[in-house]
>>> print(open('query-v7.cif').read())   # mmCIF, C-alpha atoms and all ligand atoms
data_target
loop_
_atom_site.label_atom_id
_atom_site.label_comp_id
_atom_site.auth_asym_id
_atom_site.auth_seq_id
_atom_site.Cartn_x
_atom_site.Cartn_y
_atom_site.Cartn_z
CA MET A 1 -18.83 28.36 15.69
CA ALA A 2 -18.30 26.53 12.42
CA VAL A 3 -14.86 25.03 11.86
CA THR A 4 -13.69 26.40 8.53
CA ILE A 5 -10.62 25.75 6.41
CA THR A 6 -8.20 28.70 6.43
CA ASN A 7 -5.25 27.20 4.56
CA VAL A 8 -4.06 24.12 2.69
CA LYS A 9 -0.33 23.59 2.49
CA VAL A 10 1.89 20.96 0.86
CA ILE A 11 5.06 19.77 2.58
CA LEU A 12 7.46 17.72 0.44
CA THR A 13 10.04 15.63 2.24
CA ALA A 14 12.22 12.58 1.59
CA PRO A 15 13.68 11.43 4.92
CA GLU A 16 14.62 8.03 3.49
CA GLY A 17 15.26 9.18 -0.09
CA ILE A 18 11.64 8.39 -1.13
CA ASN A 19 9.57 11.45 -2.08
CA LEU A 20 6.70 11.89 0.39
CA ILE A 21 3.86 14.41 0.04
CA VAL A 22 2.18 15.67 3.19
CA VAL A 23 -0.85 17.98 3.27
CA ARG A 24 -1.56 20.26 6.19
CA VAL A 25 -5.09 21.70 6.48
CA ASP A 26 -5.41 24.65 8.89
CA THR A 27 -8.67 25.83 10.45
CA ASN A 28 -10.08 28.93 12.09
CA GLN A 29 -9.83 27.20 15.50
CA PRO A 30 -6.63 28.06 17.39
CA GLY A 31 -4.12 25.21 17.11
CA LEU A 32 -6.52 22.92 15.21
CA PHE A 33 -5.06 21.47 12.00
CA GLY A 34 -4.94 18.12 10.24
CA LEU A 35 -2.25 16.17 8.36
CA GLY A 36 -2.73 13.75 5.48
CA CYS A 37 -0.73 11.69 2.99
CA ALA A 38 -0.86 12.55 -0.73
CA THR A 39 2.23 10.57 -1.63
CA PHE A 40 2.66 9.67 -5.27
CA ALA A 41 6.42 9.36 -5.06
CA TYR A 42 7.09 9.34 -8.79
CA ARG A 43 4.98 12.40 -9.74
CA HIS A 44 5.26 14.45 -6.57
CA LEU A 45 5.39 17.89 -8.20
CA ALA A 46 2.21 17.22 -10.20
CA VAL A 47 0.28 16.29 -7.03
CA ALA A 48 1.67 19.31 -5.15
CA CYS A 49 0.65 21.63 -8.00
CA LEU A 50 -2.90 20.22 -8.11
CA ILE A 51 -3.34 20.74 -4.38
CA GLU A 52 -1.88 24.22 -4.17
CA GLU A 53 -3.19 25.69 -7.42
CA TYR A 54 -6.63 24.04 -7.67
CA LEU A 55 -7.80 22.42 -4.43
CA ARG A 56 -6.54 25.10 -2.03
CA PRO A 57 -8.68 27.90 -3.58
CA LEU A 58 -11.63 25.49 -3.82
CA LEU A 59 -11.47 24.61 -0.13
CA ILE A 60 -10.57 27.79 1.76
CA GLY A 61 -13.55 29.07 3.75
CA ARG A 62 -15.47 25.77 3.59
CA ASP A 63 -16.71 23.62 6.49
CA ALA A 64 -13.81 21.41 7.63
CA GLU A 65 -16.26 18.98 9.25
CA ALA A 66 -18.13 18.16 6.02
CA ILE A 67 -15.73 15.42 4.90
CA GLU A 68 -18.11 13.48 2.66
CA ASP A 69 -19.31 16.59 0.84
CA LEU A 70 -15.79 17.97 0.38
CA TRP A 71 -14.58 14.63 -0.97
CA GLN A 72 -17.29 14.65 -3.64
CA LEU A 73 -16.65 18.32 -4.35
CA MET A 74 -12.94 17.69 -5.00
CA HIS A 75 -13.70 14.54 -6.97
CA GLN A 76 -16.17 16.24 -9.32
CA ASN A 77 -14.67 19.70 -9.57
CA ALA A 78 -12.52 19.14 -12.68
CA TYR A 79 -15.39 17.39 -14.51
CA TRP A 80 -12.98 14.58 -15.61
CA ARG A 81 -12.46 12.44 -12.57
CA ASN A 82 -10.04 9.96 -11.05
CA GLY A 83 -6.48 8.93 -11.76
CA PRO A 84 -3.48 8.71 -9.45
CA ILE A 85 -2.55 12.40 -9.45
CA GLU A 86 -6.04 13.58 -8.53
CA ASN A 87 -6.82 10.73 -6.13
CA ASN A 88 -3.56 11.19 -4.22
CA ALA A 89 -4.19 14.94 -3.97
CA ILE A 90 -7.71 14.32 -2.65
CA SER A 91 -6.34 11.71 -0.23
CA GLY A 92 -3.98 14.23 1.38
CA ILE A 93 -6.88 16.52 2.18
CA ASP A 94 -9.29 13.72 3.08
CA MET A 95 -6.89 12.24 5.64
CA ALA A 96 -6.19 15.71 7.05
CA LEU A 97 -9.95 16.31 7.46
CA TRP A 98 -10.32 12.97 9.29
CA ASP A 99 -7.35 13.97 11.46
CA ILE A 100 -9.20 17.21 12.30
CA LYS A 101 -12.41 15.27 12.97
CA GLY A 102 -10.59 13.03 15.44
CA LYS A 103 -9.00 16.00 17.17
CA LEU A 104 -12.41 17.70 17.48
CA ALA A 105 -13.86 14.53 18.99
CA ASN A 106 -10.71 14.02 21.09
CA MET A 107 -10.64 10.42 19.88
CA PRO A 108 -8.27 8.27 17.82
CA LEU A 109 -9.77 7.52 14.40
CA TYR A 110 -10.45 3.84 15.12
CA GLN A 111 -13.02 5.02 17.68
CA LEU A 112 -14.85 7.03 15.02
CA PHE A 113 -14.89 3.89 12.84
CA GLY A 114 -16.81 1.95 15.50
CA GLY A 115 -14.06 1.08 17.97
CA LYS A 116 -11.53 -1.73 18.12
CA VAL A 117 -12.44 -5.27 17.13
CA ARG A 118 -8.83 -6.33 17.84
CA ALA A 119 -6.15 -5.12 20.22
CA ALA A 120 -3.48 -4.75 17.54
CA VAL A 121 -2.82 -5.41 13.88
CA PRO A 122 -0.92 -8.50 12.67
CA ILE A 123 1.45 -7.65 9.85
CA TYR A 124 3.46 -9.24 7.10
CA ARG A 125 7.03 -8.41 6.20
CA HIS A 126 8.98 -9.02 3.02
CA ALA A 127 11.91 -11.48 3.10
CA ASP A 128 14.23 -11.90 0.15
CA GLY A 129 17.84 -12.86 -0.39
CA ARG A 130 20.46 -13.80 -2.92
CA ASP A 131 20.10 -17.50 -2.16
CA ILE A 132 17.92 -19.83 -0.14
CA ASN A 133 20.16 -19.61 2.94
CA GLU A 134 19.84 -15.85 3.06
CA ILE A 135 16.06 -15.99 2.51
CA CYS A 136 15.62 -18.57 5.29
CA ASP A 137 17.86 -16.52 7.61
CA ASN A 138 15.72 -13.43 6.96
CA ILE A 139 12.49 -15.39 7.51
CA GLN A 140 13.87 -16.62 10.83
CA LYS A 141 14.80 -13.07 11.90
CA PHE A 142 11.23 -11.95 11.28
CA ARG A 143 9.84 -14.99 13.12
CA ASP A 144 12.10 -14.16 16.06
CA GLN A 145 10.32 -10.78 16.18
CA GLY A 146 6.95 -12.52 16.48
CA ILE A 147 5.94 -11.96 12.86
CA THR A 148 3.55 -14.67 11.67
CA HIS A 149 3.11 -13.74 7.98
CA ILE A 150 6.11 -13.41 5.66
CA ARG A 151 6.23 -12.59 1.97
CA CYS A 152 9.05 -14.40 0.17
CA GLN A 153 10.94 -13.51 -2.98
CA THR A 154 14.09 -14.61 -4.76
CA GLY A 155 15.85 -11.35 -5.64
CA GLY A 156 13.75 -8.60 -7.27
CA TYR A 157 10.14 -8.99 -8.37
CA GLY A 158 10.06 -11.34 -11.35
CA GLY A 159 13.53 -10.49 -12.58
CA SER A 160 16.76 -8.67 -11.94
CA GLY A 161 17.54 -5.02 -11.32
CA TYR A 162 17.69 -2.20 -13.86
CA GLY A 163 20.51 -2.50 -16.34
CA PRO A 164 21.57 -3.39 -19.86
CA ALA A 165 19.52 -5.87 -21.90
CA PRO A 166 20.54 -9.53 -21.55
CA THR A 167 22.29 -11.24 -24.45
CA SER A 168 19.02 -13.03 -25.34
CA ALA A 169 17.39 -9.68 -26.18
CA PRO A 170 17.59 -8.23 -29.70
CA ALA A 171 20.73 -6.25 -30.57
CA GLY A 172 20.29 -2.61 -29.56
CA ALA A 173 17.52 -3.33 -27.01
CA MET A 174 17.05 -0.62 -24.39
CA ASP A 175 18.19 -0.80 -20.78
CA GLY A 176 15.52 -2.02 -18.38
CA VAL A 177 14.49 -4.49 -15.70
CA TYR A 178 14.41 -7.63 -17.83
CA LEU A 179 11.83 -10.27 -16.97
CA ASP A 180 12.18 -13.95 -17.78
CA GLY A 181 8.83 -15.25 -16.52
CA ARG A 182 9.60 -18.93 -16.85
CA ALA A 183 12.96 -18.72 -15.09
CA TYR A 184 11.30 -16.70 -12.32
CA MET A 185 8.56 -19.30 -11.91
CA ARG A 186 11.08 -22.16 -11.66
CA ALA A 187 13.24 -20.28 -9.14
CA THR A 188 10.21 -19.37 -7.00
CA LEU A 189 8.90 -22.94 -6.87
CA LYS A 190 12.35 -24.12 -5.79
CA MET A 191 12.44 -21.41 -3.15
CA PHE A 192 9.11 -22.41 -1.57
CA GLU A 193 10.08 -26.08 -1.70
CA ALA A 194 13.28 -25.29 0.22
CA ILE A 195 11.53 -22.97 2.71
CA ARG A 196 8.82 -25.51 3.54
CA ALA A 197 11.44 -28.29 3.82
CA ARG A 198 13.53 -26.26 6.25
CA ILE A 199 10.99 -24.23 8.19
CA GLY A 200 7.86 -26.36 7.88
CA PHE A 201 4.26 -25.23 7.58
CA ASP A 202 4.00 -23.42 10.91
CA VAL A 203 4.35 -19.98 9.31
CA GLU A 204 2.08 -18.14 6.87
CA LEU A 205 3.84 -17.48 3.57
CA ILE A 206 2.84 -14.96 0.91
CA HIS A 207 4.11 -14.37 -2.61
CA ASP A 208 3.81 -11.29 -4.82
CA VAL A 209 3.86 -11.83 -8.59
CA HIS A 210 3.74 -8.03 -8.94
CA GLU A 211 1.93 -8.47 -12.28
CA ARG A 212 5.15 -9.73 -13.85
CA LEU A 213 3.77 -12.79 -15.63
CA LYS A 214 1.59 -13.48 -18.63
CA PRO A 215 -1.87 -14.40 -17.32
CA ILE A 216 -1.77 -17.94 -18.71
CA ASP A 217 1.58 -18.52 -16.99
CA ALA A 218 0.17 -17.05 -13.77
CA ILE A 219 -2.62 -19.66 -13.82
CA ARG A 220 -0.14 -22.52 -14.21
CA PHE A 221 2.14 -21.00 -11.56
CA ALA A 222 -0.73 -20.66 -9.05
CA GLY A 223 -1.57 -24.34 -9.49
CA GLN A 224 2.07 -25.33 -8.93
CA LEU A 225 2.19 -23.22 -5.76
CA GLU A 226 -0.88 -24.85 -4.18
CA GLN A 227 1.20 -27.58 -2.48
CA PHE A 228 2.99 -24.90 -0.40
CA GLU A 229 -0.28 -23.68 1.18
CA LEU A 230 0.33 -19.95 0.76
CA PHE A 231 -1.69 -17.48 2.80
CA PHE A 232 -2.29 -15.63 -0.47
CA LEU A 233 -0.86 -14.92 -3.91
CA GLU A 234 -0.55 -11.19 -4.56
CA ASP A 235 -1.31 -9.37 -7.84
CA ALA A 236 -1.02 -12.46 -10.05
CA VAL A 237 -2.10 -10.68 -13.23
CA PRO A 238 -1.69 -7.10 -14.50
CA LEU A 239 -4.43 -4.56 -13.79
CA GLU A 240 -5.21 -4.44 -17.49
CA ASP A 241 -5.70 -8.23 -17.61
CA GLY A 242 -8.25 -8.32 -14.79
CA GLU A 243 -10.66 -10.52 -16.77
CA TRP A 244 -8.17 -13.37 -16.34
CA LEU A 245 -8.77 -13.36 -12.58
CA ARG A 246 -12.01 -15.27 -13.11
CA GLN A 247 -10.16 -18.05 -14.93
CA LEU A 248 -7.46 -18.05 -12.29
CA ARG A 249 -10.14 -18.34 -9.62
CA ALA A 250 -11.85 -21.22 -11.41
CA LYS A 251 -8.66 -23.22 -11.88
CA THR A 252 -6.89 -22.92 -8.52
CA THR A 253 -7.68 -22.91 -4.82
CA ILE A 254 -4.86 -20.54 -3.89
CA PRO A 255 -6.24 -17.49 -2.03
CA LEU A 256 -5.98 -14.37 -4.19
CA ALA A 257 -5.04 -10.86 -3.05
CA HIS A 258 -5.42 -8.12 -5.59
CA GLY A 259 -5.63 -4.44 -6.27
CA GLU A 260 -2.68 -2.29 -5.19
CA LEU A 261 -3.01 -0.37 -8.46
CA PHE A 262 -6.80 0.06 -8.30
CA ASN A 263 -8.15 3.60 -8.24
CA HIS A 264 -11.89 3.39 -8.93
CA PRO A 265 -14.76 1.34 -7.44
CA PHE A 266 -15.53 -0.07 -10.91
CA GLU A 267 -12.23 -1.95 -10.67
CA TRP A 268 -13.11 -3.83 -7.46
CA ARG A 269 -16.91 -3.87 -7.31
CA ASP A 270 -17.58 -7.00 -9.37
CA LEU A 271 -14.48 -8.84 -8.16
CA ILE A 272 -15.78 -8.51 -4.61
CA ALA A 273 -19.48 -9.06 -5.29
CA ASP A 274 -18.70 -12.18 -7.35
CA ARG A 275 -16.12 -13.37 -4.76
CA VAL A 276 -13.37 -13.62 -7.36
CA ILE A 277 -10.72 -12.51 -4.87
CA ASP A 278 -10.14 -13.20 -1.18
CA TYR A 279 -8.22 -10.08 -0.13
CA ILE A 280 -8.56 -6.51 -1.39
CA ARG A 281 -5.29 -4.65 -1.06
CA VAL A 282 -5.69 -1.15 -2.43
CA HIS A 283 -3.26 1.69 -1.73
CA LEU A 284 -5.27 4.12 0.38
CA SER A 285 -4.00 7.37 -1.15
CA GLN A 286 -4.33 5.97 -4.68
CA ILE A 287 -8.09 5.50 -4.20
CA GLY A 288 -8.58 8.92 -2.59
CA GLY A 289 -7.98 8.39 1.13
CA ILE A 290 -9.87 7.19 4.17
CA THR A 291 -13.39 8.07 2.95
CA PRO A 292 -13.42 5.70 -0.05
CA ALA A 293 -11.36 3.09 1.83
CA ARG A 294 -13.96 2.86 4.61
CA LYS A 295 -16.71 2.44 2.03
CA LEU A 296 -14.70 -0.29 0.31
CA GLN A 297 -13.96 -2.08 3.60
CA LEU A 298 -17.62 -2.12 4.61
CA PHE A 299 -18.69 -3.22 1.13
CA ALA A 300 -16.15 -6.08 1.12
CA GLU A 301 -17.35 -7.22 4.55
CA GLN A 302 -20.76 -8.03 3.06
CA TYR A 303 -19.12 -10.58 0.74
CA GLY A 304 -16.56 -12.10 3.08
CA VAL A 305 -13.64 -10.46 1.28
CA GLN A 306 -10.89 -9.41 3.69
CA THR A 307 -8.62 -6.37 3.62
CA ALA A 308 -4.84 -6.42 3.20
CA TRP A 309 -4.08 -2.75 2.48
CA HIS A 310 -0.91 -1.91 0.57
CA GLY A 311 1.76 -0.75 3.02
CA PRO A 312 5.05 -0.11 1.17
CA GLY A 313 7.89 2.34 1.85
CA ASP A 314 6.64 4.83 -0.72
CA MET A 315 3.87 6.17 1.50
CA SER A 316 4.22 8.38 4.55
CA PRO A 317 3.70 7.34 8.19
CA LEU A 318 0.39 9.25 8.06
CA ALA A 319 -0.92 6.75 5.51
CA HIS A 320 0.47 3.80 7.50
CA ALA A 321 -1.44 5.15 10.50
CA ALA A 322 -4.62 5.47 8.38
CA ASN A 323 -4.26 1.78 7.42
CA ILE A 324 -3.86 0.79 11.06
CA HIS A 325 -6.90 2.78 12.28
CA ILE A 326 -9.16 1.12 9.68
CA ASP A 327 -7.63 -2.31 10.39
CA LEU A 328 -8.31 -2.00 14.11
CA ALA A 329 -12.03 -1.43 13.55
CA ALA A 330 -12.61 -3.75 10.56
CA ARG A 331 -14.22 -7.14 11.20
CA ASN A 332 -13.10 -8.29 7.73
CA PHE A 333 -9.45 -7.32 8.21
CA GLY A 334 -7.03 -9.99 6.97
CA VAL A 335 -3.42 -8.88 7.36
CA GLN A 336 -1.47 -5.62 6.99
CA GLU A 337 1.64 -5.12 4.86
CA TRP A 338 4.21 -3.28 6.96
CA SER A 339 7.35 -1.76 5.50
CA GLY A 340 9.31 -1.91 8.71
CA ILE A 341 8.73 1.40 10.42
CA ALA A 342 9.75 0.88 14.00
CA PRO A 343 10.88 2.90 16.99
CA PRO A 344 14.62 3.60 17.26
CA ASN A 345 16.78 0.84 18.77
CA SER A 346 14.07 -1.82 18.31
CA VAL A 347 14.92 -5.26 16.98
CA ILE A 348 12.96 -4.72 13.80
CA GLN A 349 14.89 -1.56 13.09
CA ALA A 350 18.13 -3.47 13.41
CA LEU A 351 16.95 -5.69 10.56
CA SER A 352 15.49 -2.92 8.43
CA GLY A 353 18.38 -0.48 8.71
CA PRO A 354 18.32 2.96 10.31
CA ARG A 355 14.93 4.66 10.19
CA GLY A 356 15.95 7.57 12.39
CA ALA A 357 15.24 10.25 9.79
CA LEU A 358 11.67 9.07 9.22
CA LEU A 359 10.95 9.06 12.93
CA GLU A 360 12.55 12.47 13.34
CA VAL A 361 10.20 13.97 10.71
CA PHE A 362 7.06 12.04 11.73
CA PRO A 363 6.82 11.66 15.53
CA GLY A 364 3.99 9.47 16.77
CA LEU A 365 4.19 6.44 14.50
CA PRO A 366 2.05 3.42 15.29
CA GLU A 367 4.29 1.10 17.26
CA PHE A 368 5.50 -2.36 16.24
CA ARG A 369 5.88 -4.85 19.10
CA SER A 370 6.26 -8.63 18.80
CA GLY A 371 4.52 -9.23 15.50
CA TYR A 372 1.78 -6.64 15.92
CA VAL A 373 1.31 -2.91 15.30
CA TYR A 374 -0.44 -0.87 17.98
CA ALA A 375 -2.04 2.52 17.37
CA ASN A 376 -1.12 5.25 19.78
CA ASP A 377 -4.23 6.67 21.42
CA LYS A 378 -3.72 10.29 20.43
CA PRO A 379 -6.69 12.01 18.76
CA GLY A 380 -7.01 11.74 14.97
CA LEU A 381 -4.33 9.87 13.05
CA GLY A 382 -1.94 10.31 15.98
CA VAL A 383 1.07 11.18 13.79
CA ASP A 384 2.71 14.60 13.81
CA LEU A 385 5.08 16.37 11.41
CA ASP A 386 8.24 18.27 12.36
CA GLU A 387 8.38 20.77 9.49
CA ALA A 388 11.90 21.96 10.33
CA ALA A 389 13.15 18.37 10.25
CA ALA A 390 11.18 17.69 7.02
CA ALA A 391 12.98 20.60 5.33
CA LYS A 392 16.33 18.92 5.93
CA TYR A 393 15.37 16.11 3.51
CA PRO A 394 14.33 17.68 0.19
CA CYS A 395 12.59 15.63 -2.51
CA ARG A 396 14.39 14.94 -5.75
CA ASN A 397 12.93 14.86 -9.22
CA THR A 398 14.58 11.96 -11.03
CA ILE A 399 13.74 9.53 -13.83
CA THR A 400 12.09 6.42 -12.39
CA THR A 401 13.88 3.30 -13.63
CA TRP A 402 12.43 0.38 -11.63
CA THR A 403 9.20 0.67 -13.63
CA GLN A 404 11.01 0.19 -16.95
CA THR A 405 10.34 -3.54 -17.08
CA ARG A 406 10.80 -5.44 -20.33
CA VAL A 407 10.40 -9.00 -21.52
CA THR A 408 13.37 -10.68 -23.15
CA SER A 409 12.04 -9.94 -26.64
CA GLY A 410 12.62 -6.29 -25.77
CA ALA A 411 9.06 -4.97 -25.36
CA LEU A 412 7.91 -3.13 -22.23
CA HIS A 413 5.82 -5.05 -19.69
CA THR A 414 3.77 -3.64 -16.78
CA PRO A 415 6.00 -3.12 -13.72
MG MG B 1 2.46 -6.04 -4.16
#
>>> encode(input="query-v7.cif", output="structure tokens")
Amino acid sequence: MAVTITNVKVILTAPEGINLIVVRVDTNQPGLFGLGCATFAYRHLAVACLIEEYLRPLLIGRDAEAIEDLWQLMHQNAYWRNGPIENNAISGIDMALWDIKGKLANMPLYQLFGGKVRAAVPIYRHADGRDINEICDNIQKFRDQGITHIRCQTGGYGGSGYGPAPTSAPAGAMDGVYLDGRAYMRATLKMFEAIRARIGFDVELIHDVHERLKPIDAIRFAGQLEQFELFFLEDAVPLEDGEWLRQLRAKTTIPLAHGELFNHPFEWRDLIADRVIDYIRVHLSQIGGITPARKLQLFAEQYGVQTAWHGPGDMSPLAHAANIHIDLAARNFGVQEWSGIAPPNSVIQALSGPRGALLEVFPGLPEFRSGYVYANDKPGLGVDLDEAAAAKYPCRNTITTWTQTRVTSGALHTP
């Protein structure tokens, strides 16, 4: 008997104060359903509306096993294609269909992707601090947990927090996150000098520019960072300035990781085929879920480009699990960003603060142990959703401020 889709439902929840969007796809088979992540934290109602008002009627009654065909159907249905709202909506359903596929096969997803090429997934964590002592203390805490790759930052990305304009801005300038690229570059070079002097070179260090520099400054900065032997430099130039990556590549030997804002194959195809970058780090739901991510991973393998999927706090444990399943089966896996999800009472949780609410809502998280993340061996994604618990943490619709980045002359800059 064909497995058909009987319902598509959106569950909105914010166990840690970050809006998460979960999609549940039900089938005509008793007890068989799938869960997926459609999280676009800053436009959650738009994604929910697209799924419930447009994709749900499109999908009900269709073959739940035909993942590739349904992905293309959703992608093409509105004639105009792509973008974060549509791709995240498609991702929620795509991941749920893969979850169903795994449950039908009675296998964890990594088995459907060809089986494990590694026992567990090495991760990187983010260490920052108000001064060098605090940063080094936080690096040491992560190393004590067995973590081998650590991303380092002085304060916020490229600047301070949201607030009034500095005195160097024009009178009457708007509030924002004000960026002083040159001061940030000087502070970051000092930070890496101090870290290497104190901790040595026996740890892999990463840095994220988060697009918060002018491209010409990013090229100079990358050259200055070479002496610290970083594992990679992340998002050195804004998405819109992608042409500069070729000049950056030609002028430095620092490994480049790029692409957490990408949402279409046109954005990564030439960068990979021409070996302009070393690590591709897309956000799985932003590109449309597991189906396009697997294609990207296999494409990148042909060119020796490794994966380093985006793994921040503003995605649900379902998406973290999707990352881990692909990582486990990918020969060209590099490293996985991990936002610190950990079982209760673990050491990592002590450092990251209480994560009890997230674990209450999403039982079955991949497990962090001594520097590595292990998939559980349940069928599909292996992560469940407690809907009653999810309802206790409603999403909020607020104005997003951290993206209101400005340069000191007052103009907006990409966040
Ligand atoms: Mg980043």
>>> residues_near_ligand(input="query-v7.cif", ligand="ligand MG 1 (chain B)", cutoff="8 Å", atoms="only C-alpha atoms and all ligand atoms", output="mmCIF file with C-alpha atoms, in the frame of the given file")
data_model
loop_
_atom_site.group_PDB
_atom_site.id
_atom_site.type_symbol
_atom_site.label_atom_id
_atom_site.label_comp_id
_atom_site.auth_asym_id
_atom_site.auth_seq_id
_atom_site.Cartn_x
_atom_site.Cartn_y
_atom_site.Cartn_z
ATOM 1 C CA ASP A 208 3.810 -11.290 -4.820
ATOM 2 C CA VAL A 209 3.860 -11.830 -8.590
ATOM 3 C CA HIS A 210 3.740 -8.030 -8.940
ATOM 4 C CA GLU A 234 -0.550 -11.190 -4.560
ATOM 5 C CA ASP A 235 -1.310 -9.370 -7.840
ATOM 6 C CA GLU A 260 -2.680 -2.290 -5.190
ATOM 7 C CA HIS A 310 -0.910 -1.910 0.570
#
>>> residues_around(input="query-v7.cif", residues="Ile277 of chain A", least_positions_apart="2", cutoff="9 Å", atoms="all atoms listed in the file", output="count of residues only")
14
>>> residues_around(input="query-v7.cif", residues="Tyr184 of chain A", least_positions_apart="2", cutoff="10 Å", atoms="only C-alpha atoms", output="MDAnalysis selection string")
chainID A and resid 153:160 179:182 186:190 209 212:213
>>> closest_atom_pairs(input="query-v7.cif", of="segment 189-301 of chain A", to="segment 314-332 of chain A", cutoff="12 Å", atoms="all atoms listed in the file", output="Markdown table")
| residue | atom | partner | partner_atom | distance |
| --- | --- | --- | --- | --- |
| A:Asp278 | CA | A:Asn332 | CA | 10.6 |
| A:Tyr279 | CA | A:Asn332 | CA | 9.4 |
| A:Ile280 | CA | A:Asn332 | CA | 10.3 |
| A:Arg281 | CA | A:Asn323 | CA | 10.7 |
| A:Val282 | CA | A:Asn323 | CA | 10.4 |
| A:His283 | CA | A:Met315 | CA | 9.0 |
| A:Leu284 | CA | A:Ala319 | CA | 7.2 |
| A:Ser285 | CA | A:Ala319 | CA | 7.4 |
| A:Gln286 | CA | A:Met315 | CA | 10.3 |
| A:Gly288 | CA | A:Ala319 | CA | 11.4 |
| A:Gly289 | CA | A:Ala319 | CA | 8.5 |
| A:Ile290 | CA | A:Ala322 | CA | 6.9 |
| A:Thr291 | CA | A:Ile326 | CA | 10.6 |
| A:Pro292 | CA | A:Ile326 | CA | 11.6 |
| A:Ala293 | CA | A:Ile326 | CA | 8.4 |
| A:Arg294 | CA | A:Ile326 | CA | 7.2 |
| A:Lys295 | CA | A:Ile326 | CA | 10.8 |
| A:Leu296 | CA | A:Ile326 | CA | 11.0 |
| A:Gln297 | CA | A:Ala330 | CA | 7.3 |
| A:Leu298 | CA | A:Ala330 | CA | 7.9 |
| A:Phe299 | CA | A:Asn332 | CA | 10.0 |
| A:Ala300 | CA | A:Asn332 | CA | 7.6 |
| A:Glu301 | CA | A:Asn332 | CA | 5.4 |
>>> residues_around(input="query-v7.cif", residues="segment 120-133 of chain A", least_positions_apart="6", cutoff="8 Å", atoms="all atoms listed in the file", output="PyMOL selection string")
chain A and resi 139+142+147-155+191+194-195+324+327-328+335-340+371-375
>>> residues_near_point(input="query-v7.cif", point="(17.4, 17.2, 2.5)", cutoff="8 Å", atoms="all atoms listed in the file", output="list in words")
Thr13, Ala14, Pro15, Ala390, Ala391, Lys392, Tyr393, Pro394 and Cys395 of chain A
>>> residues_around(input="query-v7.cif", residues="segment 18-33 of chain A", least_positions_apart="3", cutoff="8 Å", atoms="only C-alpha atoms", output="count of residues only")
36
>>> residues_near_point(input="query-v7.cif", point="(-15.0, 11.6, 1.6)", cutoff="7 Å", atoms="all atoms listed in the file", output="list in words")
Ile67, Glu68, Asp69, Leu70, Trp71, Gln72, Asp94, Thr291 and Pro292 of chain A
>>> closest_residue(input="query-v7.cif", among="A:Trp402, A:Thr307, A:Glu240, A:Phe362", to="Ala388 of chain A", atoms="all atoms listed in the file")
A:Phe362
>>> axis_aligned_box(input="query-v7.cif", around="segment 116-126 of chain A", padding_each_side="8 Å", output="lines of an AutoDock Vina configuration file")
center_x = -1.7
center_y = -5.5
center_z = 11.6
size_x = 37.4
size_y = 23.5
size_z = 33.2
>>> residues_around(input="query-v7.cif", residues="Leu230 of chain A", least_positions_apart="4", cutoff="8 Å", atoms="only C-alpha atoms", output="ChimeraX atom specification")
/A:204-207,225-226,254-255
>>> atom_distance(input="query-v7.cif", atom1="atom CA of Gln140 of chain A", atom2="atom CA of Phe201 of chain A")
13.3 Å
>>> atom_distance(input="query-v7.cif", atom1="atom CA of Trp80 of chain A", atom2="atom CA of Pro57 of chain A")
18.5 Å
>>> atom_distance(input="query-v7.cif", atom1="atom CA of His75 of chain A", atom2="atom CA of Gly382 of chain A")
26.1 Å
>>> closest_residue(input="query-v7.cif", among="A:Leu104, A:Cys136, A:Ala357, A:Leu50", to="Ile199 of chain A", atoms="all atoms listed in the file")
A:Cys136
